[in-house]
$ cat run-v4.tsv   # TSV, C-alpha atoms and all ligand atoms
chain	number	residue	atom	x	y	z
Z	43	MET	CA	0.00	0.00	0.00
Z	44	LEU	CA	2.69	2.47	0.98
Z	45	LYS	CA	4.76	1.33	-1.96
Z	46	SER	CA	1.94	1.79	-4.45
Z	47	PHE	CA	1.20	5.16	-2.93
Z	48	LEU	CA	4.80	6.24	-3.37
Z	49	ASN	CA	4.94	4.83	-6.88
Z	50	PHE	CA	1.89	6.84	-7.75
Z	51	PHE	CA	3.61	10.06	-6.86
Z	52	LEU	CA	7.25	9.37	-7.47
Z	53	SER	CA	7.97	7.02	-10.29
Z	54	ASP	CA	7.95	8.77	-13.58
Z	55	ASP	CA	10.11	8.56	-16.63
Z	56	SER	CA	9.43	8.73	-20.33
Z	57	SER	CA	8.24	5.13	-20.57
Z	58	HIS	CA	6.34	4.89	-17.29
Z	59	SER	CA	4.01	7.44	-15.74
Z	60	SER	CA	2.10	7.80	-12.57
Z	61	PHE	CA	-1.38	9.03	-13.28
Z	62	TYR	CA	-0.29	12.38	-11.90
Z	63	ALA	CA	1.97	12.93	-14.90
Z	64	VAL	CA	-0.80	11.90	-17.28
Z	65	TYR	CA	-3.22	14.15	-15.46
Z	66	GLN	CA	-0.96	17.15	-15.99
Z	67	LYS	CA	-0.80	16.37	-19.69
Z	68	ILE	CA	-4.57	15.97	-19.98
Z	69	VAL	CA	-5.04	19.41	-18.43
Z	70	LYS	CA	-2.55	20.86	-20.92
Z	71	TRP	CA	-4.15	19.19	-23.96
Z	72	ARG	CA	-7.58	20.31	-22.89
Z	73	SER	CA	-6.52	23.90	-22.31
Z	74	THR	CA	-4.96	24.05	-25.78
Z	75	ASN	CA	-7.80	22.15	-27.44
Z	76	THR	CA	-5.48	19.50	-28.83
Z	77	TYR	CA	-5.32	15.74	-28.86
Z	78	PRO	CA	-2.12	14.01	-27.83
Z	79	ASN	CA	0.47	12.84	-30.25
Z	80	PRO	CA	0.90	9.08	-29.66
Z	81	TYR	CA	4.53	9.77	-28.70
Z	82	ASP	CA	3.38	11.91	-25.77
Z	83	LEU	CA	1.78	8.92	-24.06
Z	84	PRO	CA	3.84	6.57	-21.87
Z	85	ASP	CA	4.24	2.80	-22.21
Z	86	THR	CA	2.68	2.14	-18.81
Z	87	ILE	CA	0.47	4.04	-16.38
Z	88	SER	CA	-0.03	3.37	-12.69
Z	89	LEU	CA	-3.18	4.30	-10.84
Z	90	PRO	CA	-3.65	4.69	-7.08
Z	91	TYR	CA	-4.89	1.98	-4.75
Z	92	GLU	CA	-8.12	3.82	-3.87
Z	93	PHE	CA	-9.02	4.10	-7.56
Z	94	TRP	CA	-8.74	0.33	-7.99
Z	95	GLU	CA	-10.92	-0.28	-4.97
Z	96	ARG	CA	-13.70	1.74	-6.62
Z	97	ILE	CA	-13.18	-0.07	-9.93
Z	98	ARG	CA	-13.49	-3.43	-8.20
Z	99	GLY	CA	-16.74	-2.27	-6.61
Z	100	LEU	CA	-18.20	-1.12	-9.92
Z	101	HIS	CA	-17.25	-4.41	-11.56
Z	102	LYS	CA	-18.76	-6.44	-8.76
Z	103	ASN	CA	-22.06	-4.55	-8.81
Z	104	THR	CA	-22.28	-4.75	-12.60
Z	105	ARG	CA	-21.70	-8.50	-12.48
Z	106	ALA	CA	-24.44	-8.85	-9.88
Z	107	ASP	CA	-27.25	-6.96	-11.63
Z	108	ARG	CA	-25.89	-6.98	-15.23
Z	109	LEU	CA	-26.47	-3.26	-15.64
Z	110	GLU	CA	-23.92	-0.94	-17.19
Z	111	ARG	CA	-22.66	1.86	-15.03
Z	112	SER	CA	-21.21	5.17	-16.12
Z	113	VAL	CA	-19.12	7.43	-13.91
Z	114	SER	CA	-17.20	10.68	-14.18
Z	115	VAL	CA	-13.66	10.82	-12.85
Z	116	TYR	CA	-12.45	14.02	-11.23
Z	117	TRP	CA	-9.08	15.11	-9.93
Z	118	VAL	CA	-9.43	16.72	-6.53
Z	119	ASP	CA	-6.20	17.76	-4.80
Z	120	GLY	CA	-4.23	14.68	-5.77
Z	121	GLU	CA	-7.09	12.17	-5.54
Z	122	LEU	CA	-9.09	10.56	-8.30
Z	123	ILE	CA	-12.75	10.87	-7.38
Z	124	LEU	CA	-15.45	8.80	-9.08
Z	125	SER	CA	-18.75	10.53	-9.01
Z	126	SER	CA	-22.39	10.16	-9.94
Z	127	ILE	CA	-23.01	6.61	-11.01
Z	128	THR	CA	-25.60	6.32	-13.74
Z	129	THR	CA	-26.94	2.82	-14.04
Z	130	GLY	CA	-28.16	1.34	-17.28
Z	131	SER	CA	-26.61	3.69	-19.78
Z	132	THR	CA	-23.34	4.65	-21.34
Z	133	SER	CA	-23.16	8.33	-20.75
Z	134	PHE	CA	-20.50	10.74	-21.87
Z	135	VAL	CA	-22.23	13.54	-20.10
Z	136	ARG	CA	-20.13	14.95	-17.32
Z	137	SER	CA	-21.74	14.36	-13.97
Z	138	THR	CA	-23.26	17.35	-12.26
Z	139	SER	CA	-22.10	16.23	-8.84
Z	140	GLN	CA	-21.24	18.74	-6.20
Z	141	ILE	CA	-17.71	17.95	-5.14
Z	142	ARG	CA	-15.77	19.75	-2.50
Z	143	ALA	CA	-12.69	19.20	-0.37
Z	144	ALA	CA	-12.66	20.40	3.21
Z	145	TYR	CA	-9.60	20.68	5.47
Z	146	THR	CA	-10.18	20.88	9.19
Z	147	PRO	CA	-7.39	21.07	11.77
Z	148	LYS	CA	-6.91	17.93	13.87
Z	149	ASN	CA	-3.99	19.09	15.97
Z	150	LYS	CA	-0.96	21.37	15.61
Z	151	GLU	CA	0.53	19.39	12.75
Z	152	TYR	CA	-2.28	17.62	10.94
Z	153	PHE	CA	-5.46	18.44	9.13
Z	154	ILE	CA	-8.28	16.09	8.23
Z	155	LYS	CA	-9.00	16.26	4.53
Z	156	GLU	CA	-12.48	15.18	3.56
Z	157	ILE	CA	-13.86	14.93	0.07
Z	158	ILE	CA	-17.61	15.40	-0.04
Z	159	VAL	CA	-19.54	14.28	-3.11
Z	160	ASP	CA	-23.21	15.26	-3.29
Z	161	GLY	CA	-23.31	15.85	0.45
Z	162	LYS	CA	-21.80	12.45	1.34
Z	163	ARG	CA	-18.32	11.76	2.60
Z	164	TYR	CA	-16.30	10.10	-0.14
Z	165	SER	CA	-12.88	9.93	1.48
Z	166	ARG	CA	-11.09	11.06	4.59
Z	167	LYS	CA	-7.39	11.25	5.31
Z	168	GLU	CA	-4.85	13.05	7.42
Z	169	VAL	CA	-2.73	15.69	5.75
Z	170	TYR	CA	0.38	17.35	7.15
Z	171	TYR	CA	-0.30	21.05	7.60
Z	172	LYS	CA	2.39	22.05	5.11
Z	173	LYS	CA	0.62	19.99	2.45
Z	174	VAL	CA	-2.68	21.79	2.77
Z	175	PRO	CA	-3.13	23.66	-0.51
Z	176	GLN	CA	-3.86	27.36	-0.72
Z	177	LYS	CA	-6.37	26.72	-3.43
Z	178	ILE	CA	-8.30	23.51	-3.98
Z	179	GLU	CA	-7.67	21.96	-7.37
Z	180	LEU	CA	-10.73	20.35	-8.91
Z	181	GLN	CA	-10.80	19.15	-12.52
Z	182	TYR	CA	-13.10	16.90	-14.46
Z	183	LEU	CA	-10.94	14.29	-16.19
Z	184	PHE	CA	-12.89	11.66	-18.08
Z	185	ASN	CA	-15.86	9.31	-18.08
Z	186	MET	CA	-15.78	5.55	-17.96
Z	187	HIS	CA	-18.35	2.77	-17.93
Z	188	THR	CA	-18.75	-0.88	-17.14
Z	189	HIS	CA	-19.79	-3.75	-19.41
Z	190	PRO	CA	-21.74	-6.64	-17.91
Z	191	PRO	CA	-20.66	-10.22	-18.63
Z	192	HIS	CA	-22.30	-12.45	-21.20
Z	193	VAL	CA	-22.44	-16.15	-20.56
Z	194	TYR	CA	-22.22	-18.50	-23.53
Z	195	ASN	CA	-21.58	-22.26	-23.27
Z	196	GLU	CA	-20.83	-21.77	-19.59
Z	197	GLN	CA	-18.03	-19.36	-20.48
Z	198	THR	CA	-18.11	-15.74	-19.42
Z	199	TYR	CA	-17.36	-13.06	-22.00
Z	200	TYR	CA	-17.04	-9.30	-21.82
Z	201	GLY	CA	-17.51	-7.04	-24.79
Z	202	PHE	CA	-14.78	-4.58	-25.79
Z	203	PHE	CA	-15.68	-0.96	-26.60
Z	204	SER	CA	-18.78	-0.91	-28.80
Z	205	ALA	CA	-19.21	1.14	-31.96
Z	206	GLN	CA	-21.54	3.36	-29.92
Z	207	ASP	CA	-18.82	3.86	-27.30
Z	208	ILE	CA	-16.39	5.05	-29.98
Z	209	LYS	CA	-19.06	7.26	-31.59
Z	210	SER	CA	-19.75	8.82	-28.19
Z	211	LEU	CA	-16.05	9.38	-27.58
Z	212	MET	CA	-15.68	11.13	-30.95
Z	213	GLY	CA	-18.91	13.09	-30.57
Z	214	SER	CA	-18.08	14.29	-27.05
Z	215	GLY	CA	-14.70	15.72	-27.94
Z	216	ALA	CA	-13.20	13.92	-24.96
Z	217	ILE	CA	-9.52	12.97	-24.98
Z	218	LEU	CA	-9.98	9.65	-23.25
Z	219	THR	CA	-12.48	7.24	-21.80
Z	220	GLY	CA	-12.30	4.13	-19.66
Z	221	LEU	CA	-13.95	0.72	-19.82
Z	222	ILE	CA	-14.35	-1.71	-16.94
Z	223	THR	CA	-14.92	-5.37	-17.79
Z	224	ASN	CA	-13.05	-8.06	-15.89
Z	225	GLU	CA	-10.07	-5.90	-16.90
Z	226	PHE	CA	-9.57	-2.19	-17.24
Z	227	TYR	CA	-9.03	-0.23	-20.46
Z	228	LEU	CA	-8.19	3.39	-21.12
Z	229	ILE	CA	-8.43	4.62	-24.68
Z	230	PHE	CA	-6.94	7.95	-25.79
Z	231	ARG	CA	-8.05	9.81	-28.87
Z	232	THR	CA	-4.84	11.05	-30.50
Z	233	ASN	CA	-4.13	13.57	-33.22
Z	234	LYS	CA	-3.69	10.58	-35.57
Z	235	VAL	CA	-7.29	9.46	-35.26
Z	236	ASN	CA	-9.07	10.19	-38.50
Z	237	ILE	CA	-12.17	8.06	-38.89
Z	238	ASP	CA	-15.79	8.55	-39.72
Z	239	ALA	CA	-17.24	7.15	-36.52
Z	240	ASN	CA	-20.79	7.17	-37.91
Z	241	THR	CA	-20.06	4.25	-40.21
Z	242	LEU	CA	-18.53	2.08	-37.50
Z	243	GLU	CA	-20.12	-1.20	-36.50
Z	244	ASP	CA	-19.35	-3.29	-33.44
Z	245	LYS	CA	-17.45	-5.83	-35.51
Z	246	ASP	CA	-15.04	-3.09	-36.63
Z	247	ILE	CA	-13.92	-2.40	-33.07
Z	248	THR	CA	-11.20	-4.70	-31.80
Z	249	ILE	CA	-8.08	-4.19	-29.73
Z	250	ASP	CA	-6.08	-4.57	-32.91
Z	251	SER	CA	-8.17	-2.21	-35.05
Z	252	VAL	CA	-8.38	0.70	-32.60
Z	253	VAL	CA	-4.62	0.71	-32.21
Z	254	ASN	CA	-3.44	-0.28	-35.66
Z	255	ASN	CA	-6.13	1.01	-38.00
Z	256	PHE	CA	-7.73	3.94	-36.25
Z	257	GLY	CA	-4.80	5.55	-34.42
Z	258	TYR	CA	-6.00	5.42	-30.83
Z	259	VAL	CA	-3.67	4.67	-27.96
Z	260	LEU	CA	-5.03	1.88	-25.80
Z	261	TYR	CA	-4.02	0.77	-22.30
Z	262	LYS	CA	-5.06	-2.50	-20.77
Z	263	GLY	CA	-4.48	-3.93	-17.32
Z	264	SER	CA	-5.68	-6.18	-14.54
Z	265	PHE	CA	-7.30	-4.52	-11.54
Z	266	GLY	CA	-4.68	-3.17	-9.18
Z	267	LYS	CA	-1.84	-3.60	-11.66
Z	268	LYS	CA	0.03	-1.29	-13.95
Z	269	LEU	CA	-1.70	-0.49	-17.25
Z	270	TYR	CA	0.24	-1.48	-20.34
Z	271	ARG	CA	-0.03	0.30	-23.64
Z	272	VAL	CA	-1.08	-2.10	-26.39
Z	273	SER	CA	1.76	-1.98	-28.86
Z	274	SER	CA	1.11	-0.66	-32.30
Z	275	ASN	CA	2.39	-2.12	-35.57
Z	276	LEU	CA	2.71	1.42	-36.76
Z	277	ASN	CA	5.08	2.70	-34.09
Z	278	SER	CA	7.88	2.61	-36.60
Z	279	ASP	CA	5.90	4.55	-39.19
Z	280	GLN	CA	3.45	6.95	-37.62
Z	281	SER	CA	3.11	8.96	-40.82
Z	282	ALA	CA	1.24	6.08	-42.42
Z	283	ILE	CA	-1.88	6.79	-40.39
Z	284	ASN	CA	-2.31	10.42	-41.04
Z	301	ZN	ZN	-19.71	0.27	-23.77

$ encode --input "run-v4.tsv" --output "structure tokens"
Amino acid sequence: MLKSFLNFFLSDDSSHSSFYAVYQKIVKWRSTNTYPNPYDLPDTISLPYEFWERIRGLHKNTRADRLERSVSVYWVDGELILSSITTGSTSFVRSTSQIRAAYTPKNKEYFIKEIIVDGKRYSRKEVYYKKVPQKIELQYLFNMHTHPPHVYNEQTYYGFFSAQDIKSLMGSGAILTGLITNEFYLIFRTNKVNIDANTLEDKDITIDSVVNNFGYVLYKGSFGKKLYRVSSNLNSDQSAIN
């Protein structure tokens, strides 16, 4: 736990990024209205422990009632906050949750930081007084949704992104979106993506096609583990997909 916490904040080089580094880039791309160049995205991404706990919960509930869930992910003072679960639909609409962070002094050295989402306590932790920010940083980051399992011949299957998911991603203007099955995916729209999403059908969307034909950058990982970028055949010749 401590190790993963430290990794989240500390480990960062060109091939591996904590989500913090990716977060900073997302904010930059959004403020300049650009999509990332595939080269600007790392080979692996690590996400914090608390995030994975929420993902496991969403997966478990989806498996139980077989209903898709859609959530918005926010960055609030160094924490990834999942807000406003919509059941039964894939929504790219940003949640309208009320999110706030409150710092209250506990003693001379520590504050209690509480994140409140829609009037309910979402998280609570101690913060050293020197780490209490002057201004609370709150940013919407991306949406993600779950897919329920399908059982066929006593085998369980999970669908990959649907054509509708990709259409919604393109239509929303978002840079990235997440998918929770029995694994976790993050897909980034890059400046190499040049497709007419309206003509897409579900059969067109595969791990191979989104990366190699359409120019997205895709990450895949097991819950709680590092996300790995799915390698592209075109890494050696990016100009071919322009
Ligand atoms: Zn979907």

$ residues_near_ligand --input "run-v4.tsv" --ligand "ligand ZN 301 (chain Z)" --cutoff "6 Å" --atoms "all atoms listed in the file" --output "NGL selection string"
:Z and (189 or 203-204 or 207)

$ residues_around --input "run-v4.tsv" --residues "Z:Gly213" --least-positions-apart "3" --cutoff "12 Å" --atoms "only C-alpha atoms" --output "tab-separated table (two decimals) with C-alpha atoms, keeping the file's coordinate frame"
chain	number	residue	atom	x	y	z
Z	133	SER	CA	-23.16	8.33	-20.75
Z	134	PHE	CA	-20.50	10.74	-21.87
Z	135	VAL	CA	-22.23	13.54	-20.10
Z	206	GLN	CA	-21.54	3.36	-29.92
Z	207	ASP	CA	-18.82	3.86	-27.30
Z	208	ILE	CA	-16.39	5.05	-29.98
Z	209	LYS	CA	-19.06	7.26	-31.59
Z	210	SER	CA	-19.75	8.82	-28.19
Z	216	ALA	CA	-13.20	13.92	-24.96
Z	217	ILE	CA	-9.52	12.97	-24.98
Z	231	ARG	CA	-8.05	9.81	-28.87
Z	237	ILE	CA	-12.17	8.06	-38.89
Z	238	ASP	CA	-15.79	8.55	-39.72
Z	239	ALA	CA	-17.24	7.15	-36.52
Z	240	ASN	CA	-20.79	7.17	-37.91

$ closest_residue --input "run-v4.tsv" --among "Z:Leu260, Z:Ala144, Z:Leu83, Z:Ala205" --to "Z:Pro175" --atoms "all atoms listed in the file"
Z:Ala144

$ atom_distance --input "run-v4.tsv" --atom1 "atom CA of Z:Val193" --atom2 "atom CA of Z:Phe265"
21.1 Å

$ closest_residue --input "run-v4.tsv" --among "Z:Ile158, Z:Lys267, Z:Lys167, Z:His187" --to "Z:Thr129" --atoms "all atoms listed in the file"
Z:His187

$ atom_distance --input "run-v4.tsv" --atom1 "atom CA of Z:Leu221" --atom2 "atom CA of Z:Tyr200"
10.7 Å

$ residues_near_point --input "run-v4.tsv" --point "(-2.7, 14.4, -28.6)" --cutoff "6 Å" --atoms "all atoms listed in the file" --output "list in words"
Thr76, Tyr77, Pro78, Asn79, Thr232 and Asn233 of chain Z

$ closest_residue --input "run-v4.tsv" --among "Z:Ile141, Z:Leu183, Z:Glu196, Z:Leu89" --to "Z:Ser165" --atoms "all atoms listed in the file"
Z:Ile141

$ atom_distance --input "run-v4.tsv" --atom1 "atom CA of Z:Phe202" --atom2 "atom CA of Z:Asn75"
27.7 Å

$ closest_residue --input "run-v4.tsv" --among "Z:Thr223, Z:Ser274, Z:Asn103, Z:Gln66" --to "Z:Thr198" --atoms "all atoms listed in the file"
Z:Thr223

$ closest_residue --input "run-v4.tsv" --among "Z:Val118, Z:Leu211, Z:Thr241, Z:Gly266" --to "Z:Pro90" --atoms "all atoms listed in the file"
Z:Gly266

$ residues_around --input "run-v4.tsv" --residues "Z:Ile127" --least-positions-apart "3" --cutoff "8 Å" --atoms "only C-alpha atoms" --output "ChimeraX atom specification"
/Z:111-114

$ residues_around --input "run-v4.tsv" --residues "Z:Lys148" --least-positions-apart "5" --cutoff "10 Å" --atoms "all atoms listed in the file" --output "PyMOL selection string"
chain Z and resi 153-155+168-171

$ axis_aligned_box --input "run-v4.tsv" --around "stretch 254-257 of chain Z" --padding-each-side "5 Å" --output "AutoDock Vina command-line options"
--center_x -5.6 --center_y 2.6 --center_z -36.2 --size_x 14.3 --size_y 15.8 --size_z 13.6

$ closest_residue --input "run-v4.tsv" --among "Z:Glu121, Z:Thr248, Z:Tyr258, Z:Trp71" --to "Z:Tyr91" --atoms "all atoms listed in the file"
Z:Glu121

$ residues_near_point --input "run-v4.tsv" --point "(-16.1, 10.3, -8.9)" --cutoff "6 Å" --atoms "all atoms listed in the file" --output "VMD selection string"
chain Z and resid 114 to 116 123 to 125

$ residues_around --input "run-v4.tsv" --residues "Z:Ser88" --least-positions-apart "4" --cutoff "6 Å" --atoms "all atoms listed in the file" --output "JSON, numbers by chain"
{"Z": [60, 61, 268]}
